[in-house]
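All remarks here apply to the structure that follows.
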Amino acid sequence: MSMKKLKTLAAVVAALGAVVAAPAHAGKTLDAVKARGQVVCGVNTGLAGFGAADSNGKWTGLDVDVCRAVAAAVLGDGEKVKYVPLNAQARFTALQSGEIDVLSRNTTFTLTRDASLGLSQTAVTYYDGQGFMVPVKSKLKSAKQLKGQTVCVQSGTTTEKNLTDYSKANALNIKPIVFEKLEAAEGAYFSGRCVAYTTDASGLASTRNKVAKNPADHMILPELISKEPLGPMVRRGDDEWTAIVKWTVYGLLEAEEAGVTSANVDDLKANSKDPVIGRLLGSTEDTGKLLGLDKEWLARAVKTTGNYGEIFERNVGPKSPLQLPRGLNNLWSKGGVQYAPPVR
């Protein structure tokens with residue numbers, strides 16, 4: 001290669017490097033959130049452990065904590081969130097129309113939703129699967145025993161389609177009884193209109209804990225009949241906002257892997273010599289500028305909600321009322337499938 005060509009190649013490489021290192025331009029959603037001073041977050045109408053308001057109107061849950069972490073990263077305050085409760089039918093329209101900035105509402109990632117709704121899936125916050133709940137007194141021990149039986153299910157969800165597929169594949173001739181609203185489906189099951197109730201296994205545990213007069217009277221059958229990777233969604237076309245939501249979730253996972261918690265984040269930010277922790281917390285490198293944020297974006301998110309493991313344990317884990325095992329949602333290094341790309 002001639003010297004002239006070498007100089008040209010070097011110039012191209014240098015230019016590409018400058019592009020890679022350049023700060024991101026703020027997208028229109030980020031601009032709107034900053035101007036408003038709030039992240040508008042679509043959540044469930046009431047699913048304990050994931051998104052539910054108490055009698056004082058205080059929202060808690062795993063999905064809610066994602067909203068809080070994004071607000072802390074972007075606005076510096078995890079309380080600067082407006083929660084918009086949405087049922088299954090209204091959730092996508094609310095995001096498409098701009099009523100909300102992010103949908104954090106136990107929503108399954110699927111090809112159809114990714115390709116046809118004008119929305120973008122971000123990162124999986126909970127790996128789930130669809131199950132069945134039945135009264136203990138029914139004596140049913142397996143979903144394969146539901147042949148010809150009635151099953152309550154909510155419309156407008158992957159759950160309804162999975163139930164149809166499972167019934168056909170196993171020649172069960174299950175008779176779905178479909179309800180538009182979650183509360184109606186739950187109420188029908190507990191009033192005895194259906195032999196079983198089906199939704200994501202985490203949702204079954206939440207409903208049993210919240211609605212049943214005696215949770216011990218109801219059991220969740222062992223079969224999971226689908227894959228349900230759940231996570232927040234955003235509008236397509238705003239890559240900067242998509243990156244912010246996605247990397248906030250990834251950052252919470254990376255923080256757990258690195259041992260950064262809400263309790264030690266300040267100390268580690270000031271004193272840690274670990275280069276990974278330095279990058280995560282902005283004490284050495286500035287990853288925030290690549291997202292249109294400042295360098296302490298992730299440190300604030302972790303301080304507000306804790307890392308992913310803390311969020312899981314507090315809301316749905318073995319020490320919470322739902323008592324769900326970590327299972328697939330453990331870190332990849334501990335036998336699970338939660339794996340975040342490096343924050344670097």
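Letters for chains follow the order of the structure tokens (A, B, ...), residue numbers begin at 1 for each chain, and ligand numbers begin at 1 in the order shown.
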Point to revise | Within 12 Å of Asp294 of chain A using only C-alpha atoms, minus same-chain residues under 4 positions, as a PyMOL selection string | key: chain A and resi 23-24+26+72-76+244+281-283+285-290+298-300
With all heavy atoms kept, could you save the residues just selected as a tab-separated table (two decimals), in the first residue's frame?
chain	number	residue	atom	x	y	z
A	23	PRO	N	-20.68	12.42	21.61
A	23	PRO	CA	-21.87	12.33	22.43
A	23	PRO	C	-23.12	12.17	21.57
A	23	PRO	O	-23.17	12.66	20.46
A	23	PRO	CB	-21.88	13.69	23.17
A	23	PRO	CG	-20.49	14.21	23.06
A	23	PRO	CD	-19.96	13.69	21.77
A	24	ALA	N	-24.11	11.47	22.10
A	24	ALA	CA	-25.36	11.30	21.37
A	24	ALA	C	-26.14	12.59	21.33
A	24	ALA	O	-26.09	13.40	22.25
A	24	ALA	CB	-26.19	10.20	22.04
A	26	ALA	N	-29.60	14.42	21.67
A	26	ALA	CA	-30.81	14.12	22.41
A	26	ALA	C	-31.96	13.88	21.44
A	26	ALA	O	-32.16	14.65	20.51
A	26	ALA	CB	-31.14	15.28	23.35
A	72	ALA	N	-34.42	8.52	37.38
A	72	ALA	CA	-33.21	8.90	38.12
A	72	ALA	C	-32.05	9.13	37.16
A	72	ALA	O	-31.27	10.08	37.33
A	72	ALA	CB	-32.85	7.80	39.12
A	73	ALA	N	-31.92	8.28	36.15
A	73	ALA	CA	-30.83	8.43	35.18
A	73	ALA	C	-30.98	9.71	34.36
A	73	ALA	O	-30.00	10.41	34.10
A	73	ALA	CB	-30.79	7.21	34.26
A	74	VAL	N	-32.21	10.02	33.98
A	74	VAL	CA	-32.44	11.14	33.06
A	74	VAL	C	-32.64	12.46	33.80
A	74	VAL	O	-32.09	13.49	33.41
A	74	VAL	CB	-33.68	10.85	32.19
A	74	VAL	CG1	-34.04	12.05	31.33
A	74	VAL	CG2	-33.42	9.63	31.30
A	75	LEU	N	-33.43	12.42	34.87
A	75	LEU	CA	-33.83	13.66	35.54
A	75	LEU	C	-33.18	13.84	36.91
A	75	LEU	O	-33.36	14.88	37.54
A	75	LEU	CB	-35.36	13.70	35.69
A	75	LEU	CG	-36.15	13.66	34.39
A	75	LEU	CD1	-37.64	13.49	34.67
A	75	LEU	CD2	-35.90	14.93	33.57
A	76	GLY	N	-32.47	12.81	37.38
A	76	GLY	CA	-31.79	12.93	38.67
A	76	GLY	C	-32.68	12.67	39.86
A	76	GLY	O	-32.26	12.84	41.00
A	244	ILE	N	-31.47	4.76	25.98
A	244	ILE	CA	-31.51	5.14	27.40
A	244	ILE	C	-32.26	4.11	28.23
A	244	ILE	O	-31.80	3.66	29.28
A	244	ILE	CB	-32.14	6.55	27.56
A	244	ILE	CG1	-31.17	7.61	27.05
A	244	ILE	CG2	-32.53	6.81	29.01
A	244	ILE	CD1	-31.78	9.00	26.93
A	281	LEU	N	-19.98	3.76	37.34
A	281	LEU	CA	-20.41	4.86	38.23
A	281	LEU	C	-19.91	6.23	37.79
A	281	LEU	O	-20.17	7.24	38.46
A	281	LEU	CB	-19.97	4.55	39.66
A	281	LEU	CG	-20.46	3.20	40.21
A	281	LEU	CD1	-20.04	3.02	41.65
A	281	LEU	CD2	-21.98	3.09	40.07
A	282	GLY	N	-19.17	6.28	36.69
A	282	GLY	CA	-18.75	7.58	36.16
A	282	GLY	C	-17.59	8.21	36.88
A	282	GLY	O	-17.33	9.40	36.70
A	283	SER	N	-16.88	7.44	37.69
A	283	SER	CA	-15.75	8.02	38.42
A	283	SER	C	-14.49	8.04	37.57
A	283	SER	O	-13.53	8.75	37.89
A	283	SER	CB	-15.51	7.24	39.72
A	283	SER	OG	-15.29	5.87	39.46
A	285	GLU	N	-14.53	6.79	33.51
A	285	GLU	CA	-15.02	7.10	32.17
A	285	GLU	C	-16.43	7.70	32.21
A	285	GLU	O	-17.16	7.52	33.18
A	285	GLU	CB	-15.02	5.82	31.31
A	285	GLU	CG	-13.64	5.20	31.16
A	285	GLU	CD	-13.68	3.91	30.37
A	285	GLU	OE1	-14.53	3.79	29.47
A	285	GLU	OE2	-12.88	3.02	30.66
A	286	ASP	N	-16.78	8.37	31.11
A	286	ASP	CA	-18.08	9.03	31.01
A	286	ASP	C	-18.91	8.33	29.93
A	286	ASP	O	-18.85	8.70	28.76
A	286	ASP	CB	-17.90	10.50	30.68
A	286	ASP	CG	-19.23	11.25	30.62
A	286	ASP	OD1	-20.29	10.61	30.82
A	286	ASP	OD2	-19.22	12.47	30.38
A	287	THR	N	-19.67	7.30	30.34
A	287	THR	CA	-20.54	6.63	29.38
A	287	THR	C	-21.83	7.40	29.14
A	287	THR	O	-22.51	7.18	28.14
A	287	THR	CB	-20.90	5.21	29.86
A	287	THR	OG1	-21.53	5.30	31.14
A	287	THR	CG2	-19.64	4.33	29.96
A	288	GLY	N	-22.16	8.31	30.04
A	288	GLY	CA	-23.40	9.05	29.92
A	288	GLY	C	-23.48	9.90	28.66
A	288	GLY	O	-24.55	10.04	28.06
A	289	LYS	N	-22.34	10.46	28.22
A	289	LYS	CA	-22.38	11.35	27.06
A	289	LYS	C	-22.79	10.61	25.80
A	289	LYS	O	-23.30	11.21	24.86
A	289	LYS	CB	-21.02	12.01	26.86
A	289	LYS	CG	-19.90	11.05	26.49
A	289	LYS	CD	-18.58	11.80	26.36
A	289	LYS	CE	-17.44	10.84	26.02
A	289	LYS	NZ	-16.12	11.54	25.98
A	290	LEU	N	-22.58	9.29	25.78
A	290	LEU	CA	-22.99	8.51	24.63
A	290	LEU	C	-24.50	8.34	24.57
A	290	LEU	O	-25.05	7.97	23.53
A	290	LEU	CB	-22.31	7.13	24.66
A	290	LEU	CG	-20.78	7.15	24.69
A	290	LEU	CD1	-20.23	5.75	24.89
A	290	LEU	CD2	-20.23	7.77	23.41
A	298	LEU	N	-25.96	6.25	35.75
A	298	LEU	CA	-26.21	4.91	36.28
A	298	LEU	C	-26.05	4.86	37.80
A	298	LEU	O	-26.78	4.14	38.48
A	298	LEU	CB	-25.29	3.90	35.60
A	298	LEU	CG	-25.50	2.43	35.99
A	298	LEU	CD1	-26.96	2.01	35.81
A	298	LEU	CD2	-24.59	1.53	35.15
A	299	ALA	N	-25.11	5.63	38.32
A	299	ALA	CA	-24.94	5.68	39.78
A	299	ALA	C	-26.24	6.15	40.44
A	299	ALA	O	-26.67	5.60	41.47
A	299	ALA	CB	-23.79	6.63	40.15
A	300	ARG	N	-26.90	7.13	39.84
A	300	ARG	CA	-28.17	7.61	40.41
A	300	ARG	C	-29.26	6.54	40.32
A	300	ARG	O	-30.06	6.38	41.25
A	300	ARG	CB	-28.62	8.87	39.68
A	300	ARG	CG	-27.79	10.10	39.96
A	300	ARG	CD	-28.52	11.34	39.48
A	300	ARG	NE	-28.82	11.29	38.06
A	300	ARG	CZ	-28.00	11.72	37.10
A	300	ARG	NH1	-26.83	12.24	37.43
A	300	ARG	NH2	-28.34	11.64	35.83
Review point. Within 9 Å of segment 197-207 of chain A, counting only C-alpha atoms, which residues qualify if same-chain residues fewer than 3 places away don't, as a ChimeraX atom specification?
Key: /A:47-50,106,128-134,150-154,158-160,163,185-186,188-190,194,210-212,220,224,226,228,316,321-324
Given the selection you just returned, output its residues as a file containing N, CA and C atoms, formatted as a compact mmCIF listing (two decimals), in the first residue's frame.
# COMPACT_ATOMS: atom_id res chain seq x y z
N LEU A 47 -51.02 -5.11 39.40
CA LEU A 47 -50.45 -6.46 39.45
C LEU A 47 -49.37 -6.44 40.53
N ALA A 48 -49.74 -6.93 41.71
CA ALA A 48 -48.82 -6.87 42.85
C ALA A 48 -47.48 -7.48 42.50
N GLY A 49 -46.41 -6.80 42.91
CA GLY A 49 -45.06 -7.25 42.63
C GLY A 49 -44.48 -6.65 41.37
N PHE A 50 -45.34 -6.22 40.45
CA PHE A 50 -44.87 -5.67 39.18
C PHE A 50 -45.31 -4.21 39.00
N ASN A 106 -45.46 -5.59 32.30
CA ASN A 106 -45.43 -7.04 32.03
C ASN A 106 -45.90 -7.38 30.62
N ASP A 128 -40.52 -15.10 31.95
CA ASP A 128 -41.68 -15.75 32.54
C ASP A 128 -42.19 -16.84 31.61
N GLY A 129 -43.24 -17.52 32.02
CA GLY A 129 -43.90 -18.53 31.20
C GLY A 129 -45.35 -18.62 31.63
N GLN A 130 -46.24 -19.00 30.71
CA GLN A 130 -47.66 -19.06 31.02
C GLN A 130 -48.01 -20.33 31.77
N GLY A 131 -48.81 -20.19 32.82
CA GLY A 131 -49.22 -21.33 33.61
C GLY A 131 -50.71 -21.35 33.89
N PHE A 132 -51.12 -22.26 34.75
CA PHE A 132 -52.53 -22.39 35.12
C PHE A 132 -52.64 -22.45 36.64
N MET A 133 -53.68 -21.82 37.16
CA MET A 133 -54.00 -21.92 38.58
C MET A 133 -55.36 -22.60 38.73
N VAL A 134 -55.45 -23.51 39.68
CA VAL A 134 -56.71 -24.22 39.93
C VAL A 134 -56.96 -24.28 41.43
N THR A 150 -63.33 -25.44 31.43
CA THR A 150 -63.37 -23.99 31.21
C THR A 150 -62.15 -23.34 31.85
N VAL A 151 -61.58 -22.36 31.12
CA VAL A 151 -60.41 -21.64 31.61
C VAL A 151 -60.63 -20.14 31.41
N CYS A 152 -60.52 -19.36 32.46
CA CYS A 152 -60.66 -17.90 32.37
C CYS A 152 -59.35 -17.30 31.85
N VAL A 153 -59.47 -16.32 30.93
CA VAL A 153 -58.30 -15.72 30.31
C VAL A 153 -58.65 -14.29 29.89
N GLN A 154 -57.64 -13.42 29.90
CA GLN A 154 -57.85 -12.03 29.49
C GLN A 154 -57.61 -11.89 27.99
N THR A 158 -50.95 -12.31 24.71
CA THR A 158 -50.36 -13.53 24.16
C THR A 158 -50.95 -14.75 24.88
N THR A 159 -51.42 -14.53 26.09
CA THR A 159 -51.97 -15.62 26.90
C THR A 159 -53.12 -16.32 26.20
N GLU A 160 -54.02 -15.53 25.62
CA GLU A 160 -55.20 -16.09 24.95
C GLU A 160 -54.78 -16.98 23.77
N LEU A 163 -53.11 -20.25 24.93
CA LEU A 163 -54.09 -21.22 25.44
C LEU A 163 -54.71 -22.00 24.28
N ALA A 185 -61.44 -11.20 34.75
CA ALA A 185 -60.99 -12.59 34.60
C ALA A 185 -60.68 -13.20 35.96
N GLU A 186 -60.00 -12.42 36.82
CA GLU A 186 -59.68 -12.92 38.16
C GLU A 186 -60.96 -13.19 38.96
N ALA A 188 -63.94 -13.84 37.88
CA ALA A 188 -64.68 -15.00 37.36
C ALA A 188 -64.09 -16.30 37.88
N TYR A 189 -62.76 -16.37 37.92
CA TYR A 189 -62.12 -17.60 38.43
C TYR A 189 -62.46 -17.81 39.90
N PHE A 190 -62.29 -16.77 40.70
CA PHE A 190 -62.51 -16.95 42.14
C PHE A 190 -63.98 -17.13 42.51
N CYS A 194 -64.93 -20.61 36.20
CA CYS A 194 -63.98 -21.39 35.40
C CYS A 194 -63.28 -22.41 36.31
N LYS A 210 -52.84 -11.62 46.14
CA LYS A 210 -53.60 -10.38 46.32
C LYS A 210 -55.10 -10.60 46.45
N VAL A 211 -55.64 -11.53 45.67
CA VAL A 211 -57.10 -11.63 45.55
C VAL A 211 -57.70 -12.78 46.35
N ALA A 212 -57.00 -13.91 46.42
CA ALA A 212 -57.59 -15.09 47.08
C ALA A 212 -57.83 -14.84 48.56
N ILE A 220 -50.70 -23.55 41.63
CA ILE A 220 -50.26 -23.31 40.26
C ILE A 220 -49.72 -24.62 39.72
N LEU A 224 -45.40 -25.02 32.33
CA LEU A 224 -45.35 -23.70 31.69
C LEU A 224 -45.50 -23.95 30.20
N SER A 226 -45.48 -21.68 27.61
CA SER A 226 -44.96 -20.70 26.65
C SER A 226 -43.71 -20.03 27.21
N GLU A 228 -42.30 -16.33 27.88
CA GLU A 228 -42.84 -14.97 28.05
C GLU A 228 -41.73 -14.04 28.54
N VAL A 316 -40.55 -9.29 44.02
CA VAL A 316 -41.14 -10.58 43.68
C VAL A 316 -40.37 -11.77 44.24
N PRO A 321 -43.90 -10.95 49.31
CA PRO A 321 -45.15 -11.73 49.44
C PRO A 321 -45.34 -12.74 48.31
N LEU A 322 -44.81 -12.47 47.09
CA LEU A 322 -45.00 -13.40 45.99
C LEU A 322 -44.11 -14.63 46.11
N GLN A 323 -42.95 -14.48 46.74
CA GLN A 323 -42.03 -15.59 47.00
C GLN A 323 -41.66 -16.37 45.73
N LEU A 324 -41.40 -15.64 44.64
CA LEU A 324 -41.01 -16.30 43.39
C LEU A 324 -39.51 -16.62 43.42
DSSP says strand (DSSP E or B) for which residues of segment 46-164 of chain A? Put them as a PDB file with N, CA and C atoms, in the first residue's frame?
ATOM      1  N   LEU A  47     -51.017  -5.113  39.401  1.00  0.00           N
ATOM      2  CA  LEU A  47     -50.449  -6.455  39.451  1.00  0.00           C
ATOM      3  C   LEU A  47     -49.370  -6.439  40.528  1.00  0.00           C
ATOM      4  N   GLY A  51     -46.567  -3.917  39.278  1.00  0.00           N
ATOM      5  CA  GLY A  51     -47.045  -2.544  39.153  1.00  0.00           C
ATOM      6  C   GLY A  51     -48.394  -2.409  39.830  1.00  0.00           C
ATOM      7  N   ALA A  52     -48.427  -1.822  41.002  1.00  0.00           N
ATOM      8  CA  ALA A  52     -49.682  -1.662  41.743  1.00  0.00           C
ATOM      9  C   ALA A  52     -49.557  -0.468  42.682  1.00  0.00           C
ATOM     10  N   ALA A  53     -50.663   0.228  42.883  1.00  0.00           N
ATOM     11  CA  ALA A  53     -50.690   1.383  43.787  1.00  0.00           C
ATOM     12  C   ALA A  53     -51.338   0.984  45.105  1.00  0.00           C
ATOM     13  N   TRP A  59     -47.024   3.905  43.991  1.00  0.00           N
ATOM     14  CA  TRP A  59     -46.810   2.784  43.086  1.00  0.00           C
ATOM     15  C   TRP A  59     -45.530   2.034  43.455  1.00  0.00           C
ATOM     16  N   THR A  60     -45.623   0.719  43.442  1.00  0.00           N
ATOM     17  CA  THR A  60     -44.447  -0.122  43.679  1.00  0.00           C
ATOM     18  C   THR A  60     -44.477  -1.305  42.720  1.00  0.00           C
ATOM     19  N   VAL A  81     -41.858  10.662  38.161  1.00  0.00           N
ATOM     20  CA  VAL A  81     -42.553   9.755  37.253  1.00  0.00           C
ATOM     21  C   VAL A  81     -44.056   9.974  37.390  1.00  0.00           C
ATOM     22  N   LYS A  82     -44.724  10.054  36.256  1.00  0.00           N
ATOM     23  CA  LYS A  82     -46.190  10.033  36.249  1.00  0.00           C
ATOM     24  C   LYS A  82     -46.610   8.642  35.775  1.00  0.00           C
ATOM     25  N   TYR A  83     -47.364   7.935  36.621  1.00  0.00           N
ATOM     26  CA  TYR A  83     -47.780   6.582  36.277  1.00  0.00           C
ATOM     27  C   TYR A  83     -49.160   6.605  35.620  1.00  0.00           C
ATOM     28  N   VAL A  84     -49.258   5.938  34.486  1.00  0.00           N
ATOM     29  CA  VAL A  84     -50.530   5.850  33.767  1.00  0.00           C
ATOM     30  C   VAL A  84     -50.948   4.373  33.743  1.00  0.00           C
ATOM     31  N   PRO A  85     -51.935   3.981  34.560  1.00  0.00           N
ATOM     32  CA  PRO A  85     -52.377   2.580  34.552  1.00  0.00           C
ATOM     33  C   PRO A  85     -53.100   2.247  33.256  1.00  0.00           C
ATOM     34  N   LEU A  86     -52.692   1.132  32.632  1.00  0.00           N
ATOM     35  CA  LEU A  86     -53.237   0.753  31.326  1.00  0.00           C
ATOM     36  C   LEU A  86     -53.630  -0.714  31.331  1.00  0.00           C
ATOM     37  N   VAL A 102     -42.757   5.506  27.976  1.00  0.00           N
ATOM     38  CA  VAL A 102     -42.277   4.123  28.041  1.00  0.00           C
ATOM     39  C   VAL A 102     -43.390   3.252  28.609  1.00  0.00           C
ATOM     40  N   LEU A 103     -43.508   2.043  28.057  1.00  0.00           N
ATOM     41  CA  LEU A 103     -44.478   1.072  28.552  1.00  0.00           C
ATOM     42  C   LEU A 103     -43.734   0.040  29.380  1.00  0.00           C
ATOM     43  N   THR A 108     -45.004  -9.049  26.894  1.00  0.00           N
ATOM     44  CA  THR A 108     -44.150 -10.044  26.258  1.00  0.00           C
ATOM     45  C   THR A 108     -43.578  -9.532  24.943  1.00  0.00           C
ATOM     46  N   LEU A 119     -43.293   0.009  17.434  1.00  0.00           N
ATOM     47  CA  LEU A 119     -42.685   0.101  18.767  1.00  0.00           C
ATOM     48  C   LEU A 119     -41.392  -0.689  18.787  1.00  0.00           C
ATOM     49  N   SER A 120     -40.548  -0.405  19.750  1.00  0.00           N
ATOM     50  CA  SER A 120     -39.286  -1.116  19.892  1.00  0.00           C
ATOM     51  C   SER A 120     -39.220  -1.793  21.254  1.00  0.00           C
ATOM     52  N   GLN A 121     -38.818  -3.062  21.244  1.00  0.00           N
ATOM     53  CA  GLN A 121     -38.570  -3.768  22.486  1.00  0.00           C
ATOM     54  C   GLN A 121     -37.175  -3.381  22.982  1.00  0.00           C
ATOM     55  N   TYR A 126     -37.890  -9.611  32.982  1.00  0.00           N
ATOM     56  CA  TYR A 126     -38.376 -10.802  33.699  1.00  0.00           C
ATOM     57  C   TYR A 126     -38.685 -11.897  32.683  1.00  0.00           C
ATOM     58  N   TYR A 127     -38.001 -13.033  32.836  1.00  0.00           N
ATOM     59  CA  TYR A 127     -38.284 -14.199  31.992  1.00  0.00           C
ATOM     60  C   TYR A 127     -39.384 -15.015  32.657  1.00  0.00           C
ATOM     61  N   ASP A 128     -40.517 -15.101  31.954  1.00  0.00           N
ATOM     62  CA  ASP A 128     -41.684 -15.750  32.542  1.00  0.00           C
ATOM     63  C   ASP A 128     -42.192 -16.842  31.612  1.00  0.00           C
ATOM     64  N   GLN A 130     -46.236 -19.000  30.706  1.00  0.00           N
ATOM     65  CA  GLN A 130     -47.661 -19.057  31.025  1.00  0.00           C
ATOM     66  C   GLN A 130     -48.007 -20.332  31.773  1.00  0.00           C
ATOM     67  N   GLY A 131     -48.815 -20.185  32.819  1.00  0.00           N
ATOM     68  CA  GLY A 131     -49.216 -21.334  33.612  1.00  0.00           C
ATOM     69  C   GLY A 131     -50.705 -21.346  33.890  1.00  0.00           C
ATOM     70  N   PHE A 132     -51.121 -22.255  34.747  1.00  0.00           N
ATOM     71  CA  PHE A 132     -52.532 -22.391  35.123  1.00  0.00           C
ATOM     72  C   PHE A 132     -52.642 -22.450  36.640  1.00  0.00           C
ATOM     73  N   MET A 133     -53.683 -21.818  37.156  1.00  0.00           N
ATOM     74  CA  MET A 133     -53.998 -21.916  38.582  1.00  0.00           C
ATOM     75  C   MET A 133     -55.357 -22.597  38.732  1.00  0.00           C
ATOM     76  N   VAL A 134     -55.453 -23.505  39.679  1.00  0.00           N
ATOM     77  CA  VAL A 134     -56.712 -24.217  39.929  1.00  0.00           C
ATOM     78  C   VAL A 134     -56.957 -24.278  41.435  1.00  0.00           C
ATOM     79  N   PRO A 135     -58.204 -24.469  41.846  1.00  0.00           N
ATOM     80  CA  PRO A 135     -58.472 -24.692  43.275  1.00  0.00           C
ATOM     81  C   PRO A 135     -57.870 -26.017  43.714  1.00  0.00           C
ATOM     82  N   THR A 150     -63.332 -25.441  31.434  1.00  0.00           N
ATOM     83  CA  THR A 150     -63.372 -23.994  31.208  1.00  0.00           C
ATOM     84  C   THR A 150     -62.148 -23.341  31.846  1.00  0.00           C
ATOM     85  N   VAL A 151     -61.585 -22.357  31.118  1.00  0.00           N
ATOM     86  CA  VAL A 151     -60.408 -21.639  31.613  1.00  0.00           C
ATOM     87  C   VAL A 151     -60.629 -20.142  31.409  1.00  0.00           C
ATOM     88  N   CYS A 152     -60.516 -19.358  32.459  1.00  0.00           N
ATOM     89  CA  CYS A 152     -60.655 -17.903  32.372  1.00  0.00           C
ATOM     90  C   CYS A 152     -59.347 -17.297  31.848  1.00  0.00           C
ATOM     91  N   VAL A 153     -59.474 -16.322  30.926  1.00  0.00           N
ATOM     92  CA  VAL A 153     -58.298 -15.718  30.314  1.00  0.00           C
ATOM     93  C   VAL A 153     -58.646 -14.292  29.894  1.00  0.00           C
ATOM     94  N   GLN A 154     -57.636 -13.418  29.901  1.00  0.00           N
ATOM     95  CA  GLN A 154     -57.848 -12.028  29.489  1.00  0.00           C
ATOM     96  C   GLN A 154     -57.606 -11.893  27.989  1.00  0.00           C
TER      97      GLN A 154
END
Closest-contact table, segment 57-95 of chain A side, partner segment 234-239 of chain A, 12 Å, counting only C-alpha atoms, as a Markdown table:
| residue | atom | partner | partner_atom | distance |
| --- | --- | --- | --- | --- |
| A:Arg91 | CA | A:Val234 | CA | 11.2 |
| A:Phe92 | CA | A:Arg235 | CA | 9.4 |
| A:Thr93 | CA | A:Arg235 | CA | 10.5 |
| A:Ala94 | CA | A:Arg235 | CA | 10.2 |
| A:Leu95 | CA | A:Arg235 | CA | 6.5 |
**Study point:** Picked from segment 103-315 of chain A by DSSP as alpha helix (DSSP H), as a ChimeraX atom specification
**Key:** /A:111-116,158-169,182-190,201-211,239-258,265-271,275-281,297-305,308-315
**Study point:** Contacts of Ser272 of chain A within 12 Å, only C-alpha atoms, excl. fewer than 6 positions in-chain, as a count of residues only
**Key:** 13
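Counting only C-alpha atoms and comparing A:Ser320, A:Thr125, A:Ser333, A:Asn173, the residue that lies closest to Met233 of chain A is A:Thr125.
The shortest atom-to-atom distance to Lys80 of chain A, with only C-alpha atoms taken into account, belongs to A:Gly37 out of A:Gly37, A:Gly57, A:Gly231, A:Asp114.
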